[in-house]
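So this block is target_19.csv, CSV, C-alpha atoms:
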```csv
chain,number,residue,atom,x,y,z
A,1,MET,CA,73.0,33.7,23.8
A,2,MET,CA,72.6,29.9,24.1
A,3,ASN,CA,69.6,30.4,26.4
A,4,LYS,CA,67.9,32.5,23.8
A,5,LYS,CA,68.4,30.0,21.0
A,6,LEU,CA,67.2,27.1,23.3
A,7,THR,CA,64.1,29.1,24.2
A,8,LEU,CA,63.4,29.8,20.5
A,9,ILE,CA,63.8,26.1,19.6
A,10,ILE,CA,61.5,25.0,22.4
A,11,ALA,CA,58.9,27.6,21.3
A,12,ILE,CA,59.0,26.4,17.7
A,13,GLU,CA,58.7,22.8,18.8
A,14,THR,CA,55.7,23.7,20.9
A,15,LEU,CA,54.0,25.4,18.0
A,16,LEU,CA,54.7,22.4,15.8
A,17,ILE,CA,53.1,20.1,18.4
A,18,VAL,CA,50.0,22.3,18.7
A,19,ALA,CA,49.7,22.6,14.9
A,20,LEU,CA,50.0,18.8,14.5
A,21,PHE,CA,47.4,18.3,17.2
A,22,TRP,CA,44.8,20.4,15.4
A,23,VAL,CA,45.6,18.8,12.0
A,24,LEU,CA,44.9,15.4,13.6
A,25,ILE,CA,41.6,16.6,15.0
A,26,PHE,CA,40.6,18.2,11.7
A,27,TYR,CA,41.3,15.1,9.6
A,28,GLY,CA,40.0,12.6,12.1
A,29,LYS,CA,36.7,14.3,12.7
A,30,ASP,CA,34.9,12.7,9.7
A,31,GLU,CA,36.3,9.2,10.5
A,32,TYR,CA,35.2,9.6,14.1
A,33,GLU,CA,31.6,10.6,13.1
A,34,ALA,CA,31.4,7.7,10.6
A,35,TYR,CA,32.6,5.3,13.3
A,36,GLN,CA,30.0,6.7,15.7
A,37,ALA,CA,27.2,6.3,13.1
A,38,LYS,CA,28.3,2.8,12.3
A,39,LEU,CA,28.4,2.0,16.0
A,40,LYS,CA,24.9,3.4,16.5
A,41,GLU,CA,23.6,1.2,13.7
A,42,GLU,CA,25.2,-1.9,15.2
A,43,ILE,CA,23.7,-1.4,18.6
A,44,GLU,CA,20.2,-0.4,17.1
A,45,SER,CA,17.5,-2.7,18.3
A,46,PRO,CA,16.5,-5.4,15.7
A,47,SER,CA,13.3,-5.0,13.7
A,48,HIS,CA,10.1,-6.6,15.1
A,49,VAL,CA,8.4,-6.7,11.7
A,50,ALA,CA,8.7,-9.3,8.9
A,51,ASN,CA,7.0,-9.6,5.6
A,52,ILE,CA,5.4,-13.1,5.3
A,53,GLN,CA,3.7,-13.9,2.0
A,54,GLY,CA,3.1,-10.2,1.4
A,55,ILE,CA,1.7,-9.5,4.8
A,56,SER,CA,3.4,-7.4,7.5
A,57,VAL,CA,3.6,-9.4,10.7
A,58,VAL,CA,4.7,-7.7,14.0
A,59,THR,CA,6.3,-10.1,16.4
A,60,LEU,CA,6.7,-9.1,20.1
A,61,SER,CA,7.5,-11.4,23.0
A,62,PRO,CA,5.1,-11.7,25.9
A,63,GLU,CA,7.5,-9.7,28.0
A,64,ILE,CA,7.6,-6.8,25.5
A,65,GLN,CA,3.8,-7.0,25.2
A,66,LYS,CA,3.4,-6.7,29.0
A,67,ASN,CA,6.0,-3.8,29.3
A,68,SER,CA,4.4,-2.0,26.3
A,69,GLY,CA,0.9,-2.2,27.7
A,70,ILE,CA,-0.4,-4.3,24.8
A,71,SER,CA,-3.6,-6.1,25.6
A,72,THR,CA,-6.2,-8.1,23.6
A,73,VAL,CA,-9.8,-9.3,24.0
A,74,LYS,CA,-11.6,-12.0,22.2
A,75,ILE,CA,-14.2,-10.6,19.8
A,76,ASN,CA,-17.8,-11.4,20.5
A,77,ALA,CA,-20.1,-13.2,18.1
A,78,ALA,CA,-23.2,-11.1,17.2
A,79,THR,CA,-26.2,-10.8,14.9
A,80,PHE,CA,-27.6,-7.7,13.3
A,81,LYS,CA,-30.8,-6.9,11.5
A,82,GLY,CA,-32.3,-3.7,10.4
A,83,ASP,CA,-31.3,-0.9,8.0
A,84,GLN,CA,-27.7,-1.7,7.0
A,85,LYS,CA,-25.4,1.2,6.4
A,86,SER,CA,-22.8,1.0,3.7
A,87,ALA,CA,-20.8,3.4,1.6
A,88,GLY,CA,-20.3,4.5,-2.0
A,89,ASN,CA,-18.6,7.1,-4.1
A,90,VAL,CA,-19.3,9.1,-7.2
A,91,VAL,CA,-17.1,7.9,-10.1
A,92,ALA,CA,-16.1,9.7,-13.3
A,93,ILE,CA,-17.4,8.3,-16.6
A,94,ASP,CA,-14.9,10.3,-18.8
A,95,SER,CA,-13.7,7.1,-20.4
A,96,LEU,CA,-17.2,6.2,-21.4
A,97,ILE,CA,-17.8,9.6,-22.9
A,98,GLU,CA,-14.5,9.3,-24.8
A,99,ALA,CA,-15.5,5.8,-26.0
A,100,LYS,CA,-18.8,7.2,-27.2
A,101,SER,CA,-17.0,9.9,-29.2
A,102,LYS,CA,-14.5,7.4,-30.7
A,103,TYR,CA,-17.4,5.0,-31.5
A,104,LEU,CA,-19.2,7.7,-33.5
A,105,SER,CA,-16.0,8.7,-35.2
A,106,LEU,CA,-15.3,5.1,-36.3
A,107,LEU,CA,-18.8,4.6,-37.5
A,108,SER,CA,-18.4,7.7,-39.6
A,109,GLU,CA,-15.1,6.5,-41.0
A,110,ALA,CA,-16.6,3.1,-41.9
A,111,SER,CA,-19.6,4.7,-43.5
A,112,ILE,CA,-17.5,7.1,-45.7
A,113,ALA,CA,-15.2,4.2,-46.7
A,114,ARG,CA,-18.2,2.0,-47.6
A,115,ALA,CA,-19.6,4.8,-49.8
A,116,ALA,CA,-16.3,5.3,-51.5
A,117,ASN,CA,-15.8,1.6,-51.9
A,118,GLU,CA,-19.2,1.2,-53.6
A,119,GLN,CA,-18.4,4.0,-56.0
A,120,ASN,CA,-14.9,2.7,-56.8
A,121,MET,CA,-16.2,-0.8,-57.4
A,122,LYS,CA,-18.8,0.5,-59.8
A,123,GLN,CA,-16.0,2.4,-61.6
A,124,TYR,CA,-13.8,-0.7,-61.6
A,125,GLN,CA,-16.6,-2.8,-63.1
A,126,ARG,CA,-17.3,-0.2,-65.8
A,127,LEU,CA,-13.6,0.1,-66.7
A,128,LYS,CA,-13.1,-3.6,-66.7
A,129,ALA,CA,-16.0,-4.1,-69.2
A,130,LEU,CA,-14.6,-1.4,-71.4
A,131,ASN,CA,-11.1,-3.0,-71.2
A,132,GLU,CA,-12.5,-6.3,-72.2
A,133,ASP,CA,-14.3,-4.7,-75.1
A,134,ASP,CA,-11.4,-4.3,-77.5
A,135,LYS,CA,-9.2,-2.4,-74.9
A,136,ASN,CA,-11.3,0.8,-75.0
A,137,VAL,CA,-9.5,1.7,-71.7
A,138,SER,CA,-6.0,0.7,-70.6
A,139,ASP,CA,-5.1,-2.1,-68.3
A,140,ARG,CA,-3.5,0.5,-66.0
A,141,ALA,CA,-6.8,2.4,-65.6
A,142,VAL,CA,-8.5,-0.9,-64.6
A,143,GLN,CA,-5.7,-1.7,-62.1
A,144,GLU,CA,-5.9,1.8,-60.5
A,145,ALA,CA,-9.7,1.5,-60.1
A,146,LEU,CA,-9.3,-1.9,-58.4
A,147,ALA,CA,-6.5,-0.5,-56.1
A,148,SER,CA,-8.8,2.4,-55.0
A,149,ALA,CA,-11.6,-0.1,-54.2
A,150,ASP,CA,-9.2,-2.3,-52.3
A,151,ALA,CA,-7.9,0.7,-50.3
A,152,ASP,CA,-11.4,1.6,-49.3
A,153,GLN,CA,-12.1,-2.0,-48.2
A,154,ALA,CA,-8.9,-1.9,-46.1
A,155,LYS,CA,-10.3,1.2,-44.4
A,156,ILE,CA,-13.6,-0.5,-43.7
A,157,ASN,CA,-11.8,-3.5,-42.2
A,158,ALA,CA,-9.6,-1.3,-40.0
A,159,ALA,CA,-12.6,0.7,-38.7
A,160,GLU,CA,-14.6,-2.5,-38.0
A,161,LEU,CA,-11.6,-4.1,-36.1
A,162,GLN,CA,-11.3,-0.9,-34.0
A,163,LEU,CA,-15.0,-1.0,-33.3
A,164,LYS,CA,-14.8,-4.6,-32.2
A,165,ASN,CA,-11.8,-3.9,-29.9
A,166,LEU,CA,-13.6,-0.8,-28.5
A,167,GLN,CA,-16.7,-2.9,-27.6
A,168,THR,CA,-14.6,-5.6,-25.9
A,169,THR,CA,-12.5,-3.2,-23.8
A,170,THR,CA,-15.5,-1.1,-22.8
A,171,LYS,CA,-17.6,-4.1,-21.7
A,172,LEU,CA,-14.6,-5.5,-19.7
A,173,GLN,CA,-14.1,-2.2,-17.9
A,174,TRP,CA,-17.7,-1.2,-17.3
A,175,GLY,CA,-20.0,-4.2,-18.0
A,176,ASP,CA,-22.6,-4.8,-20.6
A,177,GLU,CA,-25.2,-2.4,-19.1
A,178,LEU,CA,-23.0,0.7,-19.0
A,179,ALA,CA,-21.5,-0.2,-22.4
A,180,LYS,CA,-25.0,0.6,-23.8
A,181,LEU,CA,-24.1,4.2,-23.1
A,182,VAL,CA,-21.5,3.9,-25.9
A,183,PHE,CA,-23.1,1.6,-28.4
A,184,SER,CA,-26.9,2.0,-28.1
A,185,ASP,CA,-29.2,4.9,-29.0
A,186,LYS,CA,-32.1,3.6,-27.0
A,187,LEU,CA,-31.5,4.2,-23.3
A,188,ALA,CA,-33.5,4.2,-20.2
A,189,PRO,CA,-33.9,7.7,-18.7
A,190,HIS,CA,-31.5,7.1,-15.8
A,191,LEU,CA,-28.8,6.0,-18.3
A,192,GLN,CA,-29.5,8.8,-20.8
A,193,ASN,CA,-29.2,11.3,-18.0
A,194,LEU,CA,-25.6,10.0,-17.3
A,195,LEU,CA,-24.6,11.1,-20.8
A,196,ASN,CA,-26.2,14.5,-20.6
A,197,ARG,CA,-24.6,15.1,-17.1
A,198,LYS,CA,-28.0,15.3,-15.4
A,199,ASN,CA,-27.1,12.2,-13.4
A,200,VAL,CA,-23.9,10.9,-11.9
A,201,LEU,CA,-22.6,7.3,-11.6
A,202,ILE,CA,-22.4,5.9,-8.0
A,203,GLN,CA,-20.4,2.8,-7.1
A,204,VAL,CA,-22.0,1.4,-4.0
A,205,SER,CA,-20.7,-1.2,-1.6
A,206,LEU,CA,-23.4,-3.4,-0.2
A,207,PRO,CA,-23.0,-6.0,2.6
A,208,VAL,CA,-21.4,-9.3,1.8
A,209,ASN,CA,-24.7,-11.2,2.0
A,210,ALA,CA,-26.6,-8.8,-0.2
A,211,SER,CA,-28.3,-10.2,-3.2
A,212,THR,CA,-28.0,-8.6,-6.6
A,213,PRO,CA,-30.6,-5.7,-6.8
A,214,LYS,CA,-33.6,-6.0,-9.1
A,215,VAL,CA,-33.6,-4.1,-12.4
A,216,SER,CA,-34.5,-0.4,-11.9
A,217,SER,CA,-34.8,-0.8,-8.1
A,218,GLY,CA,-33.6,2.0,-5.9
A,219,ILE,CA,-31.8,2.9,-2.7
A,220,ASN,CA,-31.4,6.1,-0.7
A,221,ILE,CA,-27.9,7.8,-0.6
A,222,THR,CA,-26.7,10.8,1.3
A,223,PRO,CA,-23.5,12.8,0.7
A,224,LEU,CA,-21.1,12.5,3.6
A,225,ASN,CA,-20.4,15.6,5.7
A,226,GLU,CA,-23.2,17.4,4.0
A,227,ALA,CA,-26.5,18.8,5.5
A,228,ALA,CA,-28.3,17.3,2.5
A,229,LYS,CA,-31.5,15.3,2.0
A,230,ALA,CA,-31.3,11.7,0.9
A,231,VAL,CA,-31.2,11.1,-2.9
A,232,ARG,CA,-32.9,8.3,-4.7
A,233,ALA,CA,-30.5,6.3,-6.9
A,234,ILE,CA,-31.5,3.7,-9.5
A,235,TYR,CA,-29.7,0.4,-9.9
A,236,ILE,CA,-27.8,-0.2,-13.1
A,237,SER,CA,-25.6,-3.3,-12.9
A,238,PRO,CA,-22.9,-5.1,-10.8
A,239,ALA,CA,-19.7,-3.1,-10.7
A,240,SER,CA,-16.6,-4.4,-12.5
A,241,GLN,CA,-14.3,-3.2,-9.8
A,242,ALA,CA,-14.1,-3.6,-6.0
A,243,ASP,CA,-14.3,-0.7,-3.6
A,244,ALA,CA,-11.0,0.6,-2.2
A,245,SER,CA,-11.9,-0.8,1.2
A,246,ASN,CA,-12.6,-4.3,-0.2
A,247,TYR,CA,-15.8,-4.3,1.8
A,248,GLY,CA,-18.9,-6.1,0.5
A,249,LYS,CA,-20.2,-6.3,-3.1
A,250,THR,CA,-20.1,-3.4,-5.4
A,251,PHE,CA,-22.9,-2.2,-7.7
A,252,TYR,CA,-23.4,0.8,-10.1
A,253,TYR,CA,-26.3,3.2,-9.5
A,254,SER,CA,-27.5,6.4,-11.3
A,255,ALA,CA,-28.5,9.4,-9.2
A,256,PRO,CA,-29.4,13.0,-9.9
A,257,ALA,CA,-26.3,15.2,-10.0
A,258,GLU,CA,-27.7,18.2,-8.2
A,259,GLN,CA,-26.1,17.5,-4.8
A,260,LEU,CA,-23.4,15.1,-6.0
A,261,ARG,CA,-19.9,15.7,-7.5
A,262,ILE,CA,-17.2,13.4,-8.9
A,263,GLY,CA,-15.1,11.9,-6.0
A,264,MET,CA,-17.7,12.6,-3.4
A,265,ARG,CA,-18.3,9.9,-0.8
A,266,VAL,CA,-21.9,8.9,0.1
A,267,SER,CA,-23.6,6.8,2.8
A,268,VAL,CA,-26.1,4.2,1.8
A,269,GLU,CA,-29.0,2.7,3.8
A,270,THR,CA,-30.5,-0.6,2.6
A,271,PRO,CA,-33.2,-2.6,4.4
A,272,SER,CA,-32.1,-5.9,5.7
A,273,ALA,CA,-33.8,-8.8,3.9
A,274,GLY,CA,-34.5,-12.2,5.5
A,275,ASN,CA,-32.9,-13.3,8.7
A,276,ALA,CA,-30.5,-11.5,10.9
A,277,ASN,CA,-26.9,-11.3,9.7
A,278,ASN,CA,-24.2,-13.2,11.6
A,279,GLY,CA,-20.9,-11.5,12.5
A,280,ALA,CA,-18.9,-10.1,15.3
A,281,VAL,CA,-18.4,-6.9,17.2
A,282,ILE,CA,-15.1,-5.1,16.9
A,283,PRO,CA,-14.5,-2.9,20.0
A,284,SER,CA,-14.2,0.8,19.3
A,285,LYS,CA,-10.9,0.8,21.2
A,286,ALA,CA,-9.4,-1.6,18.6
A,287,ALA,CA,-9.7,0.8,15.7
A,288,VAL,CA,-6.5,2.4,14.4
A,289,TRP,CA,-6.7,4.7,11.4
A,290,TYR,CA,-4.2,4.5,8.6
A,291,ALA,CA,-4.5,6.1,5.1
A,292,GLY,CA,-7.9,7.3,6.0
A,293,LYS,CA,-9.3,3.8,6.6
A,294,PRO,CA,-10.0,1.9,9.8
A,295,TRP,CA,-7.9,-1.2,10.8
A,296,ALA,CA,-7.4,-3.5,13.7
A,297,TYR,CA,-4.6,-5.7,14.9
A,298,PHE,CA,-5.4,-9.4,15.4
A,299,LYS,CA,-3.3,-11.7,17.5
A,300,GLN,CA,-1.9,-14.9,16.0
A,301,GLY,CA,-0.4,-17.4,18.4
A,302,LYS,CA,1.4,-15.9,21.5
A,303,ASP,CA,3.6,-13.2,19.9
A,304,GLN,CA,2.4,-12.2,16.4
A,305,PHE,CA,0.1,-9.5,15.3
A,306,VAL,CA,-1.5,-8.8,11.8
A,307,ARG,CA,-3.3,-5.6,10.8
A,308,LYS,CA,-6.6,-6.2,8.9
A,309,PRO,CA,-9.2,-3.8,7.5
A,310,ILE,CA,-12.5,-3.5,9.4
A,311,SER,CA,-15.8,-1.8,8.7
A,312,THR,CA,-17.2,1.1,10.8
A,313,GLU,CA,-20.4,1.4,8.7
A,314,ILE,CA,-22.7,-0.5,11.2
A,315,GLU,CA,-22.3,1.0,14.7
A,316,VAL,CA,-23.5,-1.0,17.7
A,317,ASN,CA,-22.9,-0.7,21.4
A,318,ASP,CA,-19.2,-0.4,22.2
A,319,GLY,CA,-18.1,-1.0,18.7
A,320,TRP,CA,-18.9,-1.9,15.1
A,321,PHE,CA,-20.6,-4.9,13.6
A,322,ASN,CA,-18.5,-6.8,11.0
A,323,GLN,CA,-19.3,-9.8,8.9
A,324,GLY,CA,-16.9,-12.5,8.0
A,325,MET,CA,-14.9,-12.3,11.2
A,326,ASN,CA,-13.5,-15.3,13.1
A,327,THR,CA,-15.1,-15.2,16.5
A,328,ASP,CA,-12.2,-17.1,18.0
A,329,SER,CA,-9.9,-14.2,17.1
A,330,GLU,CA,-8.3,-11.8,19.6
A,331,VAL,CA,-8.1,-8.2,18.8
A,332,VAL,CA,-5.8,-5.6,20.2
A,333,VAL,CA,-7.6,-3.0,22.3
A,334,SER,CA,-4.6,-1.3,23.9
A,335,GLY,CA,-1.3,-0.6,22.1
A,336,ALA,CA,-2.5,-0.8,18.5
A,337,GLN,CA,-0.8,2.6,17.8
A,338,LEU,CA,2.5,1.1,19.0
A,339,LEU,CA,2.2,-1.8,16.6
A,340,LEU,CA,1.4,0.6,13.7
A,341,SER,CA,4.6,2.6,14.6
A,342,GLU,CA,6.6,-0.6,14.4
A,343,GLU,CA,5.3,-1.2,10.9
A,344,PHE,CA,6.2,2.4,9.9
A,345,LYS,CA,9.7,2.0,11.2
A,346,TYR,CA,10.1,-1.3,9.2
A,347,GLN,CA,8.7,0.4,6.0
A,348,ILE,CA,11.0,3.4,6.4
A,349,LYS,CA,14.0,1.2,7.0
A,350,ASN,CA,13.3,-0.9,3.8
A,351,GLU,CA,12.9,2.3,1.8
A,352,ASN,CA,16.2,3.7,3.0
A,353,GLU,CA,18.0,0.4,2.2
A,354,ASP,CA,16.5,0.5,-1.3
```
In structure tokens, write the structure found in this file.
Amino acid sequence: MMNKKLTLIIAIETLLIVALFWVLIFYGKDEYEAYQAKLKEEIESPSHVANIQGISVVTLSPEIQKNSGISTVKINAATFKGDQKSAGNVVAIDSLIEAKSKYLSLLSEASIARAANEQNMKQYQRLKALNEDDKNVSDRAVQEALASADADQAKINAAELQLKNLQTTTKLQWGDELAKLVFSDKLAPHLQNLLNRKNVLIQVSLPVNASTPKVSSGINITPLNEAAKAVRAIYISPASQADASNYGKTFYYSAPAEQLRIGMRVSVETPSAGNANNGAVIPSKAAVWYAGKPWAYFKQGKDQFVRKPISTEIEVNDGWFNQGMNTDSEVVVSGAQLLLSEEFKYQIKNENED
């Protein structure tokens, strides 16, 4: 009998021990996983990227550079003369069309207010004369007539102020020449055709050393990735905004809309004037593409690398001709993708911490 009771007690104790074991595993699982994650973060390799004055700088020791296969070459000074290739894009002029509509509306409001003001002033003068002639009309009638005239004048003042503000903002955004689309009735054909949608507005980036085009001069443009003939575009004015690539000087042109659509990119060929252009050749191996644009990594000192935009518009042997480059610079020709990956990891880490 005692043996049976002892056996039962041992069995119960065994079950309790097993149950307690699984309870500990169940409740300790989350803490264990959290500990492992924390440990992983603690042993994670440090970031090689730092933000210095708004610029991402990748720092890699010479040993890491060697082990990662990162190599650089000094860029070669070069000169270029001939038809220079640049780029442009078709921009929307919806805000100009809206400004034109608002301008006409404000002119109408001001005209109606002036006509009403003229009539009410005449009525006021008539009632005032009658009031002064033995009170043939009441003082109240005179006051109401004057109030109506003053209200009309207030409408005139408000419309004129809005017109002035509209002129200022339009000229700031588009420049004086394109502002004529809104405020002038006498327009050159290439400007008038912008309003009636027969032409489109092209923002063109010309080389840094390009002079301002002559009035009504033209260039040939061709839609990118299209089997289309070149289109003649007429110069309008300097552009008020830079190109997204920050390459060269920007100008506005008007071109027939038949082959062109809003947002379309175009290539531009302009004859080189004067002497050959000085610059440097960026090797084709140095290019790394990010956000649809070409970049290259330039070495600073022994262990720092900075990504800078480059132009691929002028293709030469083994690379692209670029102006404004320091010919003492070293550019990465092997391992640029690795440097870009380091930048990505840094950006993702910062976003997660935010």
Notebook entry, point to check: What separation in Å, quoted to one decimal, exists between atom CA of A:Pro238 and atom CA of A:Ala257?
Noted result: 20.6 Å
Next item on the list: May I ask for the distance between atom CA of A:Ile202 and atom CA of A:Ile97, given in Å to one decimal place?
Entry: 16.0 Å
Next item on the list: Would you work out the distance separating atom CA of A:Ser105 from atom CA of A:Ile156, expressed in Å to one decimal?
Entry: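 Distance reported for this atom pair: 12.8 Å.
Among the candidate residues A:Ser56, A:Asn199, A:Val281, A:Ala99, the one lying nearest to A:Lys308 is A:Ser56, with distances computed using only C-alpha atoms.
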Tell me, counting only C-alpha atoms, for each residue of stretch 52-151 of chain A within 12 Å of stretch 203-211 of chain A, which pair of atoms is nearest and how far apart they are in Å to one decimal, in rows ordered by chain and increasing number, as JSON lines.
```
{"residue": "A:Phe80", "atom": "CA", "partner": "A:Pro207", "partner_atom": "CA", "distance": 11.8}
{"residue": "A:Lys81", "atom": "CA", "partner": "A:Pro207", "partner_atom": "CA", "distance": 11.9}
{"residue": "A:Asp83", "atom": "CA", "partner": "A:Pro207", "partner_atom": "CA", "distance": 11.1}
{"residue": "A:Gln84", "atom": "CA", "partner": "A:Pro207", "partner_atom": "CA", "distance": 7.7}
{"residue": "A:Lys85", "atom": "CA", "partner": "A:Leu206", "partner_atom": "CA", "distance": 8.3}
{"residue": "A:Ser86", "atom": "CA", "partner": "A:Leu206", "partner_atom": "CA", "distance": 5.9}
{"residue": "A:Ala87", "atom": "CA", "partner": "A:Ser205", "partner_atom": "CA", "distance": 5.6}
{"residue": "A:Gly88", "atom": "CA", "partner": "A:Val204", "partner_atom": "CA", "distance": 4.1}
{"residue": "A:Asn89", "atom": "CA", "partner": "A:Gln203", "partner_atom": "CA", "distance": 5.5}
{"residue": "A:Val90", "atom": "CA", "partner": "A:Gln203", "partner_atom": "CA", "distance": 6.4}
{"residue": "A:Val91", "atom": "CA", "partner": "A:Gln203", "partner_atom": "CA", "distance": 6.8}
{"residue": "A:Ala92", "atom": "CA", "partner": "A:Gln203", "partner_atom": "CA", "distance": 10.2}
{"residue": "A:Ile93", "atom": "CA", "partner": "A:Gln203", "partner_atom": "CA", "distance": 11.4}
```
Kindly export the residues of the current selection with C-alpha atoms, as a PDB file, in the frame of the given file.
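Result saved to again_13.pdb:
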```pdb
ATOM      1  CA  PHE A  80     -27.600  -7.700  13.300  1.00  0.00           C
ATOM      2  CA  LYS A  81     -30.800  -6.900  11.500  1.00  0.00           C
ATOM      3  CA  ASP A  83     -31.300  -0.900   8.000  1.00  0.00           C
ATOM      4  CA  GLN A  84     -27.700  -1.700   7.000  1.00  0.00           C
ATOM      5  CA  LYS A  85     -25.400   1.200   6.400  1.00  0.00           C
ATOM      6  CA  SER A  86     -22.800   1.000   3.700  1.00  0.00           C
ATOM      7  CA  ALA A  87     -20.800   3.400   1.600  1.00  0.00           C
ATOM      8  CA  GLY A  88     -20.300   4.500  -2.000  1.00  0.00           C
ATOM      9  CA  ASN A  89     -18.600   7.100  -4.100  1.00  0.00           C
ATOM     10  CA  VAL A  90     -19.300   9.100  -7.200  1.00  0.00           C
ATOM     11  CA  VAL A  91     -17.100   7.900 -10.100  1.00  0.00           C
ATOM     12  CA  ALA A  92     -16.100   9.700 -13.300  1.00  0.00           C
ATOM     13  CA  ILE A  93     -17.400   8.300 -16.600  1.00  0.00           C
TER      14      ILE A  93
END
```
Check: What would the list of residues within 9 Å of (-5.3, -5.3, 28.3) (file frame) look like as a ChimeraX atom specification, if only C-alpha atoms are what count?
Finding: /A:66,69-73,332-335
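Among the candidate residues A:Val266, A:Leu194, A:Leu16, A:Val316, the one lying nearest to A:Ile282 is A:Val316, with distances computed using only C-alpha atoms.
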Check: Closest to A:Ile234 among A:Ala276, A:Leu181, A:Leu166, A:Ala188, using only C-alpha atoms?
Finding: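 The closest residue to A:Ile234 is A:Ala188.
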Notebook entry, point to check: Looking at all atoms listed in the file, which of A:Ala242, A:Ile52, A:Val58, A:Val142 is the one that sits closest to A:Gly301?
Noted result: A:Val58
Mind listing as a PDB file with C-alpha atoms, in the coordinates of the input all residues within 9 Å of (-10.4, -2.2, 14.8), counting all atoms listed in the file?
```pdb
ATOM      1  CA  ILE A 282     -15.100  -5.100  16.900  1.00  0.00           C
ATOM      2  CA  PRO A 283     -14.500  -2.900  20.000  1.00  0.00           C
ATOM      3  CA  SER A 284     -14.200   0.800  19.300  1.00  0.00           C
ATOM      4  CA  LYS A 285     -10.900   0.800  21.200  1.00  0.00           C
ATOM      5  CA  ALA A 286      -9.400  -1.600  18.600  1.00  0.00           C
ATOM      6  CA  ALA A 287      -9.700   0.800  15.700  1.00  0.00           C
ATOM      7  CA  VAL A 288      -6.500   2.400  14.400  1.00  0.00           C
ATOM      8  CA  TRP A 289      -6.700   4.700  11.400  1.00  0.00           C
ATOM      9  CA  PRO A 294     -10.000   1.900   9.800  1.00  0.00           C
ATOM     10  CA  TRP A 295      -7.900  -1.200  10.800  1.00  0.00           C
ATOM     11  CA  ALA A 296      -7.400  -3.500  13.700  1.00  0.00           C
ATOM     12  CA  TYR A 297      -4.600  -5.700  14.900  1.00  0.00           C
ATOM     13  CA  PHE A 298      -5.400  -9.400  15.400  1.00  0.00           C
ATOM     14  CA  ARG A 307      -3.300  -5.600  10.800  1.00  0.00           C
ATOM     15  CA  LYS A 308      -6.600  -6.200   8.900  1.00  0.00           C
ATOM     16  CA  PRO A 309      -9.200  -3.800   7.500  1.00  0.00           C
ATOM     17  CA  ILE A 310     -12.500  -3.500   9.400  1.00  0.00           C
ATOM     18  CA  SER A 311     -15.800  -1.800   8.700  1.00  0.00           C
ATOM     19  CA  THR A 312     -17.200   1.100  10.800  1.00  0.00           C
ATOM     20  CA  GLY A 319     -18.100  -1.000  18.700  1.00  0.00           C
ATOM     21  CA  TRP A 320     -18.900  -1.900  15.100  1.00  0.00           C
ATOM     22  CA  VAL A 331      -8.100  -8.200  18.800  1.00  0.00           C
ATOM     23  CA  VAL A 332      -5.800  -5.600  20.200  1.00  0.00           C
ATOM     24  CA  VAL A 333      -7.600  -3.000  22.300  1.00  0.00           C
ATOM     25  CA  ALA A 336      -2.500  -0.800  18.500  1.00  0.00           C
TER      26      ALA A 336
END
```
Note to self: Show me, as a PyMOL selection string, the residues that have an atom within 10 Å of A:Glu109 when counting only C-alpha atoms, minus same-chain residues fewer than 2 positions from it.
What the structure shows: chain A and resi 103-107+111-114+155-156+158-160
Notebook entry, point to check: So which one's closest to A:Asp303, A:Glu315, A:Leu195, A:Thr14, A:Glu330? Using only C-alpha atoms, please.
Noted result: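 Among the listed residues, A:Glu330 lies closest to A:Asp303.
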Checklist line | Which of A:Gln241, A:Gln162, A:Asn76, A:Asn136 sits closest to A:Asp328 [using all atoms listed in the file] | finding: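 Closest candidate: A:Asn76.
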Next item on the list: Within 9 Å of A:Gln304, counting all atoms listed in the file, which residues show up once you throw out same-chain ones fewer than 5 positions away? Write them as a ChimeraX atom specification, please.
Entry: /A:57-61,298-299
